[in-house]
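Novice: My structure is stored as start_28.tsv, with TSV, C-alpha atoms and all ligand atoms.
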```tsv
chain	number	residue	atom	x	y	z
G	1113	MET	CA	15.55	-24.42	-4.96
G	1114	LYS	CA	18.12	-21.63	-5.06
G	1115	ALA	CA	18.12	-18.46	-7.14
G	1116	ALA	CA	19.61	-18.50	-10.64
G	1117	THR	CA	22.96	-16.71	-10.99
G	1118	PHE	CA	22.92	-12.91	-11.06
G	1119	GLU	CA	25.32	-9.99	-10.77
G	1120	TYR	CA	25.08	-8.21	-7.41
G	1121	VAL	CA	25.41	-4.41	-7.19
G	1122	ARG	CA	25.30	-2.68	-3.82
G	1123	ALA	CA	24.15	0.83	-4.72
G	1124	THR	CA	25.12	3.83	-2.64
G	1125	SER	CA	22.98	6.46	-4.40
G	1126	VAL	CA	19.69	6.78	-6.28
G	1127	ASP	CA	21.65	7.99	-9.34
G	1128	GLN	CA	23.63	4.74	-9.34
G	1129	VAL	CA	20.38	2.73	-9.17
G	1130	VAL	CA	18.90	4.62	-12.11
G	1131	ARG	CA	22.15	4.24	-14.13
G	1132	THR	CA	22.31	0.50	-13.48
G	1133	LEU	CA	18.62	0.03	-14.38
G	1134	ALA	CA	19.19	1.94	-17.63
G	1135	GLU	CA	22.25	-0.19	-18.50
G	1136	ASP	CA	20.58	-3.55	-17.82
G	1137	GLU	CA	16.92	-3.93	-18.72
G	1138	ASP	CA	16.74	-7.24	-16.79
G	1139	ALA	CA	18.02	-5.73	-13.53
G	1140	LYS	CA	15.84	-5.77	-10.40
G	1141	ILE	CA	15.93	-3.64	-7.28
G	1142	LEU	CA	16.26	-5.44	-3.93
G	1143	ALA	CA	14.83	-3.60	-0.90
G	1144	GLY	CA	13.53	-5.64	2.08
G	1145	GLY	CA	13.57	-8.81	-0.03
G	1146	GLN	CA	10.29	-10.09	1.49
G	1147	SER	CA	8.68	-10.50	-1.93
G	1148	LEU	CA	11.68	-10.57	-4.27
G	1149	VAL	CA	13.79	-13.20	-2.49
G	1150	PRO	CA	11.05	-15.90	-2.52
G	1151	LEU	CA	10.49	-15.12	-6.22
G	1152	LEU	CA	14.25	-15.47	-6.87
G	1153	ASN	CA	14.45	-18.74	-4.93
G	1154	MET	CA	11.49	-20.19	-6.82
G	1155	ARG	CA	13.06	-18.88	-10.04
G	1156	LEU	CA	9.86	-17.02	-10.85
G	1157	ALA	CA	12.12	-13.95	-11.20
G	1158	ARG	CA	15.48	-14.36	-12.98
G	1159	PRO	CA	17.10	-10.92	-13.13
G	1160	THR	CA	20.59	-10.64	-14.58
G	1161	THR	CA	21.50	-8.02	-11.98
G	1162	VAL	CA	20.18	-7.47	-8.46
G	1163	ILE	CA	20.62	-3.89	-7.25
G	1164	ASP	CA	20.67	-3.83	-3.45
G	1165	ILE	CA	19.40	-0.40	-2.33
G	1166	THR	CA	19.41	-1.07	1.41
G	1167	ARG	CA	22.64	0.93	1.96
G	1168	ILE	CA	21.17	4.16	0.57
G	1169	ASP	CA	20.72	5.81	3.96
G	1170	ASP	CA	18.90	8.94	2.82
G	1171	LEU	CA	15.86	6.94	1.60
G	1172	SER	CA	14.73	6.00	5.12
G	1173	TYR	CA	12.80	8.77	6.92
G	1174	VAL	CA	9.40	9.95	8.09
G	1175	ARG	CA	8.90	13.73	8.17
G	1176	ARG	CA	6.16	16.33	7.93
G	1177	ALA	CA	6.34	18.96	5.16
G	1178	ASN	CA	3.86	21.04	3.14
G	1179	GLY	CA	0.74	19.48	4.66
G	1180	HIS	CA	2.00	15.97	3.97
G	1181	VAL	CA	3.71	13.16	5.80
G	1182	GLU	CA	6.65	12.22	3.59
G	1183	ILE	CA	8.01	8.69	3.91
G	1184	GLY	CA	11.25	7.57	2.27
G	1185	ALA	CA	10.90	4.46	0.09
G	1186	LEU	CA	13.35	2.44	2.21
G	1187	THR	CA	11.49	3.10	5.46
G	1188	THR	CA	10.46	-0.24	6.90
G	1189	HIS	CA	6.80	-1.03	7.48
G	1190	ARG	CA	7.54	-1.27	11.20
G	1191	LEU	CA	9.24	2.13	11.38
G	1192	ALA	CA	6.26	3.80	9.66
G	1193	GLU	CA	3.72	1.84	11.73
G	1194	THR	CA	5.31	2.95	15.01
G	1195	SER	CA	6.06	6.54	13.93
G	1196	GLU	CA	4.28	9.14	16.09
G	1197	LEU	CA	4.07	11.42	13.03
G	1198	VAL	CA	2.21	8.75	11.07
G	1199	ARG	CA	-0.06	7.81	13.97
G	1200	ARG	CA	-1.04	11.42	14.65
G	1201	ASN	CA	-1.45	12.67	11.09
G	1202	VAL	CA	-2.45	9.62	9.00
G	1203	PRO	CA	-3.70	7.01	11.50
G	1204	LEU	CA	-5.25	4.94	8.68
G	1205	LEU	CA	-1.73	4.15	7.47
G	1206	ALA	CA	-0.47	3.10	10.93
G	1207	GLU	CA	-3.52	0.86	11.38
G	1208	ALA	CA	-3.21	-0.67	7.89
G	1209	LEU	CA	0.47	-1.51	8.37
G	1210	ARG	CA	-0.35	-3.66	11.40
G	1211	TYR	CA	-2.03	-6.10	8.99
G	1212	VAL	CA	1.06	-6.54	6.79
G	1213	GLY	CA	2.40	-10.06	7.47
G	1214	HIS	CA	4.03	-10.43	10.90
G	1215	VAL	CA	6.40	-8.13	12.81
G	1216	THR	CA	9.46	-9.98	11.48
G	1217	ILE	CA	8.31	-9.26	7.91
G	1218	ARG	CA	7.50	-5.64	8.75
G	1219	ASN	CA	10.98	-5.23	10.27
G	1220	ARG	CA	12.51	-5.90	6.83
G	1221	GLY	CA	9.82	-5.07	4.27
G	1222	THR	CA	9.81	-1.49	2.99
G	1223	ILE	CA	7.16	1.02	2.02
G	1224	GLY	CA	8.65	1.41	-1.49
G	1225	GLY	CA	8.89	-2.37	-1.96
G	1226	SER	CA	5.21	-2.98	-1.14
G	1227	ILE	CA	4.12	-0.19	-3.46
G	1228	ALA	CA	6.37	-1.32	-6.33
G	1229	HIS	CA	5.25	-4.94	-5.92
G	1230	ALA	CA	1.58	-3.82	-6.13
G	1231	ASP	CA	-0.10	-6.99	-4.91
G	1232	PRO	CA	-3.86	-6.31	-5.22
G	1233	ALA	CA	-4.45	-7.91	-1.79
G	1234	ALA	CA	-1.73	-5.84	-0.08
G	1235	GLU	CA	-2.67	-3.19	2.45
G	1236	LEU	CA	-0.32	-0.40	1.45
G	1237	PRO	CA	-1.43	0.20	-2.17
G	1238	ALA	CA	-5.10	0.39	-1.11
G	1239	THR	CA	-4.23	2.72	1.76
G	1240	CYS	CA	-2.28	5.01	-0.59
G	1241	VAL	CA	-5.31	5.18	-2.91
G	1242	ALA	CA	-7.70	5.87	0.01
G	1243	LEU	CA	-5.46	8.66	1.31
G	1244	ASP	CA	-4.85	10.29	-2.11
G	1245	ALA	CA	-1.12	9.73	-1.65
G	1246	GLU	CA	1.49	10.63	-4.26
G	1247	LEU	CA	4.44	8.49	-5.27
G	1248	VAL	CA	7.72	10.16	-6.12
G	1249	VAL	CA	9.85	8.25	-8.63
G	1250	GLN	CA	13.25	9.06	-10.10
G	1251	GLY	CA	14.52	8.03	-13.52
G	1252	PRO	CA	17.04	9.07	-16.18
G	1253	HIS	CA	14.94	12.16	-17.01
G	1254	GLY	CA	14.57	13.34	-13.41
G	1255	GLN	CA	11.74	13.11	-10.92
G	1256	ARG	CA	8.03	12.40	-11.47
G	1257	VAL	CA	5.17	12.61	-8.99
G	1258	ILE	CA	2.35	10.14	-9.67
G	1259	ALA	CA	-1.03	10.10	-7.92
G	1260	ALA	CA	-1.70	6.74	-6.25
G	1261	ALA	CA	-5.01	6.60	-8.17
G	1262	ASP	CA	-3.00	6.46	-11.44
G	1263	PHE	CA	-0.11	4.37	-10.13
G	1264	PHE	CA	-1.72	0.94	-9.58
G	1265	GLN	CA	-2.74	-0.23	-13.03
G	1266	GLY	CA	-3.45	-3.94	-12.71
G	1267	TYR	CA	-2.25	-7.21	-11.18
G	1268	LEU	CA	1.37	-6.48	-10.06
G	1269	MET	CA	1.43	-3.65	-12.63
G	1270	THR	CA	2.23	-0.01	-11.91
G	1271	ALA	CA	2.93	3.22	-13.77
G	1272	ILE	CA	6.63	3.00	-12.94
G	1273	GLU	CA	9.00	2.69	-15.92
G	1274	PRO	CA	11.67	-0.08	-15.89
G	1275	GLU	CA	14.51	2.38	-15.30
G	1276	GLU	CA	12.75	4.29	-12.49
G	1277	VAL	CA	12.99	3.89	-8.73
G	1278	ILE	CA	10.44	4.93	-6.09
G	1279	THR	CA	12.05	7.38	-3.68
G	1280	GLU	CA	9.18	8.72	-1.55
G	1281	VAL	CA	5.50	8.46	-0.63
G	1282	ARG	CA	3.65	11.69	0.19
G	1283	VAL	CA	0.48	11.33	2.21
G	1284	PRO	CA	-1.77	14.37	2.83
G	1285	VAL	CA	-2.40	15.01	6.54
G	1286	LEU	CA	-6.00	14.11	7.44
G	1287	ALA	CA	-8.45	16.91	8.32
G	1288	GLN	CA	-9.63	17.50	11.91
G	1289	GLY	CA	-12.75	15.48	12.68
G	1290	THR	CA	-11.65	12.51	10.56
G	1291	GLY	CA	-11.99	8.97	11.84
G	1292	CYS	CA	-10.31	5.99	10.17
G	1293	ALA	CA	-10.83	2.26	10.18
G	1294	VAL	CA	-9.44	-0.88	8.55
G	1295	GLU	CA	-11.48	-4.09	8.39
G	1296	GLU	CA	-9.77	-7.15	6.97
G	1297	LEU	CA	-10.67	-10.76	6.37
G	1298	ALA	CA	-7.75	-13.20	6.01
G	1299	ARG	CA	-7.55	-16.97	6.46
G	1300	ARG	CA	-4.90	-16.64	9.18
G	1301	SER	CA	-3.48	-13.68	11.05
G	1302	GLY	CA	-0.62	-12.25	8.94
G	1303	ASP	CA	-1.87	-13.69	5.64
G	1304	PHE	CA	-2.60	-11.47	2.67
G	1305	ALA	CA	-6.20	-10.23	2.78
G	1306	LEU	CA	-9.03	-12.12	1.13
G	1307	VAL	CA	-10.76	-8.75	1.25
G	1308	ALA	CA	-9.89	-5.59	3.19
G	1309	VAL	CA	-11.62	-2.21	3.42
G	1310	PHE	CA	-9.93	1.08	4.28
G	1311	ALA	CA	-12.22	3.97	5.28
G	1312	THR	CA	-11.90	7.56	6.43
G	1313	MET	CA	-14.94	9.60	7.49
G	1314	THR	CA	-14.85	13.33	8.20
G	1315	ILE	CA	-17.88	14.41	10.24
G	1316	GLY	CA	-18.88	18.07	10.60
G	1317	THR	CA	-20.19	19.74	13.76
G	1318	ASP	CA	-23.77	19.30	12.44
G	1319	GLY	CA	-23.22	15.52	12.31
G	1320	THR	CA	-23.20	15.23	8.51
G	1321	CYS	CA	-20.44	13.59	6.51
G	1322	GLN	CA	-18.06	16.21	5.03
G	1323	ASP	CA	-15.79	13.72	3.34
G	1324	ALA	CA	-15.60	9.95	2.92
G	1325	ARG	CA	-12.98	7.73	1.33
G	1326	ILE	CA	-13.38	4.03	0.89
G	1327	THR	CA	-11.00	1.63	-0.82
G	1328	VAL	CA	-11.20	-2.14	-1.13
G	1329	ALA	CA	-8.21	-4.50	-1.49
G	1330	GLY	CA	-8.37	-8.11	-2.71
G	1331	ALA	CA	-11.42	-7.36	-4.79
G	1332	GLY	CA	-9.96	-6.71	-8.24
G	1333	PRO	CA	-6.64	-6.56	-10.08
G	1334	ALA	CA	-5.80	-3.26	-8.33
G	1335	PRO	CA	-7.18	-1.36	-5.30
G	1336	VAL	CA	-10.81	-0.34	-5.88
G	1337	ARG	CA	-11.82	3.19	-4.88
G	1338	ALA	CA	-15.53	3.05	-4.09
G	1339	THR	CA	-16.52	6.47	-5.43
G	1340	GLY	CA	-20.25	5.56	-5.62
G	1341	ALA	CA	-20.26	4.71	-1.91
G	1342	GLU	CA	-18.39	7.93	-1.12
G	1343	ALA	CA	-20.98	9.97	-3.05
G	1344	LEU	CA	-23.82	8.41	-1.02
G	1345	LEU	CA	-22.10	9.37	2.24
G	1346	LYS	CA	-20.90	12.89	1.44
G	1347	GLY	CA	-23.36	15.51	2.73
G	1348	ALA	CA	-25.60	12.90	4.38
G	1349	ALA	CA	-26.47	12.28	8.01
G	1350	VAL	CA	-24.65	9.01	8.66
G	1351	THR	CA	-27.55	6.74	9.65
G	1352	PRO	CA	-27.45	2.91	9.62
G	1353	ASP	CA	-29.51	2.92	6.39
G	1354	VAL	CA	-27.09	5.28	4.65
G	1355	ILE	CA	-24.15	3.16	5.82
G	1356	SER	CA	-25.80	-0.02	4.52
G	1357	ALA	CA	-26.50	1.58	1.13
G	1358	ALA	CA	-22.89	2.83	0.90
G	1359	ALA	CA	-21.52	-0.58	1.89
G	1360	ARG	CA	-23.60	-2.23	-0.85
G	1361	ALA	CA	-22.35	0.34	-3.36
G	1362	ALA	CA	-18.74	-0.35	-2.31
G	1363	ALA	CA	-19.25	-4.08	-2.87
G	1364	ASP	CA	-20.90	-3.45	-6.26
G	1365	ALA	CA	-17.79	-1.49	-7.36
G	1366	THR	CA	-15.57	-4.55	-6.87
G	1367	ASP	CA	-14.56	-7.15	-9.44
G	1368	PRO	CA	-13.16	-9.89	-7.20
G	1369	PRO	CA	-11.18	-12.89	-8.44
G	1370	ASN	CA	-12.47	-16.46	-8.32
G	1371	ASP	CA	-9.56	-18.46	-6.95
G	1372	ILE	CA	-8.57	-21.23	-4.53
G	1373	HIS	CA	-8.88	-18.80	-1.61
G	1374	GLY	CA	-12.55	-18.02	-2.22
G	1375	PRO	CA	-15.23	-17.51	-4.88
G	1376	ALA	CA	-15.87	-14.04	-6.30
G	1377	GLU	CA	-19.40	-13.89	-4.87
G	1378	TYR	CA	-18.12	-14.62	-1.34
G	1379	ARG	CA	-15.52	-11.88	-1.61
G	1380	ARG	CA	-18.12	-9.41	-2.90
G	1381	GLU	CA	-20.41	-10.20	0.05
G	1382	MET	CA	-17.50	-9.80	2.43
G	1383	ALA	CA	-16.67	-6.44	0.82
G	1384	ALA	CA	-20.21	-5.30	1.79
G	1385	VAL	CA	-19.91	-6.62	5.36
G	1386	LEU	CA	-16.43	-5.15	5.91
G	1387	SER	CA	-17.41	-1.81	4.33
G	1388	ARG	CA	-20.36	-1.50	6.69
G	1389	ARG	CA	-18.12	-2.22	9.69
G	1390	ALA	CA	-15.33	0.09	8.51
G	1391	ILE	CA	-17.65	3.04	7.77
G	1392	THR	CA	-19.41	2.58	11.13
G	1393	LYS	CA	-16.13	2.39	13.05
G	1394	ALA	CA	-14.58	5.36	11.21
G	1395	THR	CA	-17.73	7.43	11.92
G	1396	ASN	CA	-17.67	6.50	15.62
G	1397	ARG	CA	-14.02	7.44	15.81
G	1398	ALA	CA	-14.65	10.76	14.07
G	1399	ASN	CA	-17.24	11.40	16.80
G	1400	GLY	CA	-14.67	10.72	19.53
G	1401	GLY	CA	-15.33	7.00	20.05
G	1402	VAL	CA	-12.85	4.14	19.76
G	1501	LIG	C1	5.17	-14.62	4.88
G	1501	LIG	C2	4.88	-13.29	4.25
G	1501	LIG	C3	3.65	-12.68	4.48
G	1501	LIG	C4	3.36	-11.45	3.91
G	1501	LIG	N1	2.15	-10.88	4.16
G	1501	LIG	C5	1.86	-9.70	3.62
G	1501	LIG	C6	0.59	-9.07	3.87
G	1501	LIG	O1	-0.26	-9.57	4.59
G	1501	LIG	N2	0.37	-7.87	3.27
G	1501	LIG	C7	1.29	-7.26	2.45
G	1501	LIG	O2	1.04	-6.17	1.94
G	1501	LIG	N3	2.48	-7.83	2.21
G	1501	LIG	C8	2.79	-9.01	2.77
G	1501	LIG	N4	4.01	-9.57	2.51
G	1501	LIG	C9	4.96	-8.90	1.57
G	1501	LIG	C10	5.75	-7.84	2.29
G	1501	LIG	O3	4.91	-6.77	2.60
G	1501	LIG	C11	6.92	-7.30	1.42
G	1501	LIG	O4	7.75	-6.67	2.29
G	1501	LIG	C12	6.59	-6.30	0.35
G	1501	LIG	O5	5.66	-6.81	-0.54
G	1501	LIG	C13	7.81	-5.94	-0.48
G	1501	LIG	O6	8.64	-5.08	0.20
G	1501	LIG	P1	10.21	-5.34	0.23
G	1501	LIG	O7	10.85	-4.12	0.76
G	1501	LIG	O8	10.48	-6.61	0.95
G	1501	LIG	O9	10.55	-5.44	-1.33
G	1501	LIG	P2	11.40	-6.49	-2.15
G	1501	LIG	O10	10.93	-7.87	-1.90
G	1501	LIG	O11	12.85	-6.23	-1.97
G	1501	LIG	O12	10.98	-6.04	-3.62
G	1501	LIG	C14	9.67	-6.25	-4.09
G	1501	LIG	C15	9.55	-5.68	-5.52
G	1501	LIG	O13	9.60	-4.27	-5.49
G	1501	LIG	C16	10.71	-3.77	-6.27
G	1501	LIG	N5	11.20	-2.62	-5.50
G	1501	LIG	C17	11.56	-2.61	-4.19
G	1501	LIG	N6	11.85	-1.36	-3.80
G	1501	LIG	C18	11.68	-0.55	-4.88
G	1501	LIG	C19	11.82	0.85	-5.10
G	1501	LIG	N7	12.20	1.70	-4.11
G	1501	LIG	N8	11.56	1.33	-6.34
G	1501	LIG	C20	11.17	0.50	-7.33
G	1501	LIG	N9	11.02	-0.84	-7.19
G	1501	LIG	C21	11.28	-1.35	-5.97
G	1501	LIG	C22	11.66	-4.94	-6.37
G	1501	LIG	O14	12.46	-4.86	-7.55
G	1501	LIG	C23	10.69	-6.11	-6.45
G	1501	LIG	O15	10.17	-6.23	-7.75
G	1501	LIG	C24	4.34	-10.81	3.09
G	1501	LIG	C25	5.58	-11.39	2.88
G	1501	LIG	C26	5.86	-12.61	3.43
G	1501	LIG	C27	7.21	-13.23	3.21
```
Show this structure as structure tokens.
Specialist:
Amino acid sequence: MKAATFEYVRATSVDQVVRTLAEDEDAKILAGGQSLVPLLNMRLARPTTVIDITRIDDLSYVRRANGHVEIGALTTHRLAETSELVRRNVPLLAEALRYVGHVTIRNRGTIGGSIAHADPAAELPATCVALDAELVVQGPHGQRVIAAADFFQGYLMTAIEPEEVITEVRVPVLAQGTGCAVEELARRSGDFALVAVFATMTIGTDGTCQDARITVAGAGPAPVRATGAEALLKGAAVTPDVISAAARAAADATDPPNDIHGPAEYRREMAAVLSRRAITKATNRANGGV
């Protein structure tokens, strides 16, 4: 099947995107096209106007400023994944991006597109929540900065208004002594996750956990931040028993779907297994291991 007819606008500025969105409430932004184009071809999306933003050059960058790594919305997954700045300062993000589809998809797909699409099984939304990232959006009334924790509101639903565009993701630089790990279960390499866990562990010189962040993808309508698990870890000596209790708490925080890919109970069990592995690996890495 081919897409239904639409008007095509090649935007050259964010202002033009915002203006066009305000003029046509059925307009849709096109970035890497890796999610939108299949939806158009299956006629699951039928926008009257498609606003191509790929020629807005100043939306593709990775830079460090004010204790954050700032990533332009049009930056491709692959550019962010291979960026030295990202690898050094927010290694969880570089590791998570390696799980997004295949390299060909990551060469076209964009950071802003993944975040706007907000698939609950996608790696980037869960990573943004784990890293306390902020999303910068621009609309007719100017710029807004939204915490990732408030941005992802449900299945493919975000806090972005119809006439707004994501322009940037701001990710706080991780503290010294922080180890990160991603553990993902998918049917085939490159598939969306059945369940994935994203963990950072900051270990002090006395061996206790100073900070822990754990997020689960594929286990609810939006990324799940496992705050109960984090509370069990913070201030504790990270023993196998503590890790097991935290992993159980992370699984208990999930509300996984029952679908053709797997029953809810299976996903919940996998959330416990993957959490245990991710917390263990992140702790080992914080202690200088691999
Ligand atoms: C075979 C295959 C496997 C995949 N596997 C995975 C996977 O394992 N994990 C994963 O996370 N993803 C996966 N994806 C999806 C991929 O990551 C997409 O690139 C991503 O979801 C969307 O990014 P995009 O730039 O292609 O956006 P587009 O497809 O162009 O747009 C997606 C949506 O976001 C909106 N949008 C885009 N940019 C902006 C913006 N700046 N501001 C506001 N709205 C915007 C569009 O209007 C549209 O609604 C896969 C895709 C394919 C085809």
Novice: What is the distance between atom C17 of ligand LIG 1501 (chain G) and CA of Val1162 in chain G, in Å to one decimal?
Specialist: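 Atom-to-atom, atom C17 of ligand LIG 1501 (chain G) and CA of Val1162 in chain G are spaced 10.8 Å apart.
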Novice: From the set G:Ala1115, G:Val1354, G:Arg1122, G:Ala1185, which residue has the shortest atom-to-atom contact distance to Leu1151 in chain G, counting all atoms listed in the file?
Specialist: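 Smallest separation from Leu1151 in chain G among the options: G:Ala1115.
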Novice: Which residues of chain G have any atom within 8 Å of an atom in ligand LIG 1501 (chain G) when counting only C-alpha atoms and all ligand atoms, and what is the closest pair of atoms for each, with the distance in Å to one decimal? Order the rows by chain and rising number and write it as a Markdown table.
Specialist:
```
| residue | atom | partner | partner_atom | distance |
| --- | --- | --- | --- | --- |
| G:Lys1140 | CA | G:LIG1501 | O14 | 4.5 |
| G:Ile1141 | CA | G:LIG1501 | O14 | 3.7 |
| G:Leu1142 | CA | G:LIG1501 | O11 | 4.0 |
| G:Ala1143 | CA | G:LIG1501 | O11 | 3.5 |
| G:Gly1144 | CA | G:LIG1501 | O7 | 3.4 |
| G:Gly1145 | CA | G:LIG1501 | O11 | 3.3 |
| G:Gln1146 | CA | G:LIG1501 | O8 | 3.5 |
| G:Ser1147 | CA | G:LIG1501 | O10 | 3.5 |
| G:Leu1148 | CA | G:LIG1501 | O10 | 3.7 |
| G:Val1149 | CA | G:LIG1501 | O10 | 6.1 |
| G:Pro1150 | CA | G:LIG1501 | C27 | 7.4 |
| G:Ile1165 | CA | G:LIG1501 | N7 | 7.7 |
| G:Ala1185 | CA | G:LIG1501 | N7 | 5.2 |
| G:Leu1186 | CA | G:LIG1501 | N7 | 6.5 |
| G:Thr1188 | CA | G:LIG1501 | O7 | 7.3 |
| G:His1189 | CA | G:LIG1501 | O4 | 7.7 |
| G:Leu1209 | CA | G:LIG1501 | O2 | 8.0 |
| G:Tyr1211 | CA | G:LIG1501 | O1 | 5.9 |
| G:Val1212 | CA | G:LIG1501 | N2 | 3.8 |
| G:Gly1213 | CA | G:LIG1501 | N1 | 3.4 |
| G:His1214 | CA | G:LIG1501 | C3 | 6.8 |
| G:Ile1217 | CA | G:LIG1501 | C25 | 6.1 |
| G:Arg1218 | CA | G:LIG1501 | O4 | 6.5 |
| G:Arg1220 | CA | G:LIG1501 | O8 | 6.3 |
| G:Gly1221 | CA | G:LIG1501 | O4 | 3.3 |
| G:Thr1222 | CA | G:LIG1501 | O7 | 3.6 |
| G:Ile1223 | CA | G:LIG1501 | O7 | 6.5 |
| G:Gly1224 | CA | G:LIG1501 | N7 | 4.4 |
| G:Gly1225 | CA | G:LIG1501 | O6 | 3.5 |
| G:Ser1226 | CA | G:LIG1501 | C12 | 3.9 |
| G:Ile1227 | CA | G:LIG1501 | O13 | 7.1 |
| G:Ala1228 | CA | G:LIG1501 | O13 | 4.5 |
| G:His1229 | CA | G:LIG1501 | C15 | 4.4 |
| G:Ala1230 | CA | G:LIG1501 | O5 | 7.5 |
| G:Asp1231 | CA | G:LIG1501 | O2 | 7.0 |
| G:Ala1233 | CA | G:LIG1501 | O2 | 6.9 |
| G:Ala1234 | CA | G:LIG1501 | O2 | 3.4 |
| G:Glu1235 | CA | G:LIG1501 | O2 | 4.8 |
| G:Leu1236 | CA | G:LIG1501 | O2 | 5.9 |
| G:Pro1237 | CA | G:LIG1501 | O2 | 8.0 |
| G:Val1249 | CA | G:LIG1501 | N8 | 7.5 |
| G:Ile1272 | CA | G:LIG1501 | C20 | 7.6 |
| G:Glu1276 | CA | G:LIG1501 | C20 | 6.6 |
| G:Val1277 | CA | G:LIG1501 | N8 | 3.8 |
| G:Ile1278 | CA | G:LIG1501 | N8 | 3.8 |
| G:Thr1279 | CA | G:LIG1501 | N7 | 5.7 |
| G:Gly1302 | CA | G:LIG1501 | O1 | 5.1 |
| G:Asp1303 | CA | G:LIG1501 | O1 | 4.5 |
| G:Phe1304 | CA | G:LIG1501 | O1 | 3.6 |
| G:Ala1305 | CA | G:LIG1501 | O1 | 6.2 |
```
Novice: List the neighbours of Glu1280 in chain G out to 6 Å using all atoms listed in the file; skip same-chain residues closer than 2 positions along the sequence, and give me the result as a PyMOL selection string.
Specialist: chain G and resi 1183-1185+1248
Novice: Fewer than 5 positions away in the same chain doesn't count, so skip those; otherwise give me all residues within 10 Å of Asp1136 in chain G, counting only C-alpha atoms, as a PyMOL selection string.
Specialist: chain G and resi 1131+1159-1161+1274-1275
Novice: Separation of CA of Arg1325 in chain G and CA of Arg1379 in chain G, in Å?
Specialist: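 Computed distance, CA of Arg1325 in chain G to CA of Arg1379 in chain G, equals 20.0 Å.
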